[in-house]
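Below is one structure, written out as structure tokens; comments come after it.
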Amino acid sequence: MKYAMAAASGALFVITAGFNATSIADEEAFSVPWGSNSKPGVEPVTDESYRQECGSCHMAYPPGLLPAHSWERLMTTLDDHFGKNVEIPKKHWKTIINYLLNSAAGRVDYQVSNQMIRNIKGIPVRISQLPYFRHRHQDIPEHLVRGNPEVRSFSNCSACHAQAEQGLFGEGRKSGD
Ligand code: HEC
Ligand code: HEC
């Protein structure tokens, strides 16, 4: 049972049961991240201005969840950010974009980052629409997400992954406690 992580680490507290296992064929399309020395998860957020400016409406997503082109697009379209106008002081904007570009998936060697950029087409601006993300979340029933007031959206990572800001999402990860 893959969902043993809930009990093991307290990482998943919304989801309890009721998923189908993903098919072997699907699994193979995403198996074996390249660098076998890749670190687990994604790099946790380290930049304080990023955490403050980009972590007020939703969690500050670890930069290793999207490739550099995606962060660049997000940072240059902040006046129309998923229906919001996000304003950031110019000096913070520069610090933040540098931080995001340097720590993006493809530029750091973490397992989840390496997976997230697999099979990407175009320049996605949502983590929750990346192929690997969809692959991992495809069996989660709608009523546990949109129909659940404590989750509402797949963008709300930390509702299900208690250690999302620390860059830990999966089973078998050290919980750090
Ligand atoms: C004024 C509120 C607000 C601020 C500040 C904000 N965002 Fe967002 N962001 C949103 C909303 C709303 C969504 C869409 C959430 C949803 O669909 O549930 C979103 C979604 C996102 C997503 C896609 C999440 C997914 O579904 O994978 C990314 C990436 C993102 N924001 C990055 C940033 C960055 C980078 C900053 C800082 C420059 C930032 N946000 C600041 C409101 C904000
Ligand atoms: C409704 C609950 C829910 C939300 C919201 C959610 N996840 Fe997940 N996520 C899960 C479950 C359940 C699994 C385990 C699926 C499996 O094992 O196949 C999972 C698996 C993952 C994995 C695979 C773990 C690994 O080691 O490769 C990653 C990465 C991940 N989620 C990232 C995210 C990110 C990033 C967000 C927000 C943009 C998010 N999740 C939002 C429930 C959720």
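Identifiers for the structure tokens are assigned positionally: chains receive A, B, ... in sequence, residues are indexed from 1 per chain, and ligands are indexed from 1 in the order shown.
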Contact check, chain A to ligand 1, at most 10 Å, counting only C-alpha atoms and all ligand atoms, closest pairs as CSV:
residue,atom,partner,partner_atom_place_in_ligand_line,distance
A:Ser49,CA,ligand 1,37 (C),9.5
A:Tyr50,CA,ligand 1,37 (C),6.7
A:Arg51,CA,ligand 1,37 (C),8.4
A:Gln52,CA,ligand 1,37 (C),8.5
A:Glu53,CA,ligand 1,37 (C),5.5
A:Cys54,CA,ligand 1,37 (C),3.4
A:Gly55,CA,ligand 1,41 (C),6.4
A:Ser56,CA,ligand 1,5 (C),5.6
A:Cys57,CA,ligand 1,2 (C),4.3
A:His58,CA,ligand 1,7 (N),6.4
A:Met59,CA,ligand 1,40 (N),8.5
A:Ala60,CA,ligand 1,33 (C),7.2
A:Tyr61,CA,ligand 1,29 (C),6.6
A:Pro62,CA,ligand 1,29 (C),9.1
A:Pro63,CA,ligand 1,35 (C),8.4
A:Leu65,CA,ligand 1,29 (C),8.3
A:Leu66,CA,ligand 1,29 (C),7.5
A:Ser70,CA,ligand 1,29 (C),8.1
A:Trp71,CA,ligand 1,35 (C),6.7
A:Glu72,CA,ligand 1,35 (C),9.1
A:Arg73,CA,ligand 1,35 (C),9.6
A:Leu74,CA,ligand 1,35 (C),6.2
A:Met75,CA,ligand 1,38 (C),5.9
A:Thr76,CA,ligand 1,38 (C),9.1
A:Thr77,CA,ligand 1,38 (C),9.4
A:Leu78,CA,ligand 1,38 (C),6.8
A:Asp79,CA,ligand 1,1 (C),10.0
A:Asp80,CA,ligand 1,42 (C),9.7
A:His81,CA,ligand 1,9 (N),6.2
A:Phe82,CA,ligand 1,13 (C),5.1
A:Gly83,CA,ligand 1,12 (C),6.6
A:Lys84,CA,ligand 1,1 (C),5.5
A:Asn85,CA,ligand 1,1 (C),6.4
A:Val86,CA,ligand 1,5 (C),5.2
A:Glu87,CA,ligand 1,5 (C),7.4
A:Ile88,CA,ligand 1,38 (C),7.0
A:His92,CA,ligand 1,38 (C),9.3
A:Trp93,CA,ligand 1,38 (C),7.4
A:Ile96,CA,ligand 1,38 (C),7.4
A:Ile97,CA,ligand 1,38 (C),8.2
A:Leu100,CA,ligand 1,35 (C),8.0
A:Pro124,CA,ligand 1,27 (O),9.1
A:Val125,CA,ligand 1,29 (C),5.9
A:Arg126,CA,ligand 1,27 (O),3.6
A:Ile127,CA,ligand 1,27 (O),3.4
A:Ser128,CA,ligand 1,27 (O),3.9
A:Gln129,CA,ligand 1,27 (O),6.5
A:Leu130,CA,ligand 1,27 (O),8.2
A:Phe133,CA,ligand 1,27 (O),9.0
A:Arg146,CA,ligand 1,18 (O),9.5
A:Val151,CA,ligand 1,18 (O),9.3
A:Arg152,CA,ligand 1,18 (O),7.2
A:Ser153,CA,ligand 1,18 (O),4.8
A:Phe154,CA,ligand 1,26 (O),6.1
A:Ser155,CA,ligand 1,26 (O),3.8
A:Asn156,CA,ligand 1,18 (O),6.5
A:Cys157,CA,ligand 1,27 (O),8.5
Coordinates-based distance that separates atom CA of A:Leu168 from atom CA of A:Val42 (Å, one decimal)
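Computing it gives 6.7 Å between the two atoms.
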Determine the nearest neighbour of ligand 2 from the options A:Ile123, A:Ala162, A:Val112, A:Leu101, counting only C-alpha atoms and all ligand atoms.
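Selected residue with least distance to ligand 2: A:Val112.
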Atomic distance atom CA of A:Lys121 - atom 15 (C, counted along the ligand's line) of ligand 2, expressed in Å with one decimal:
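Between these atoms lies a distance of 22.3 Å.
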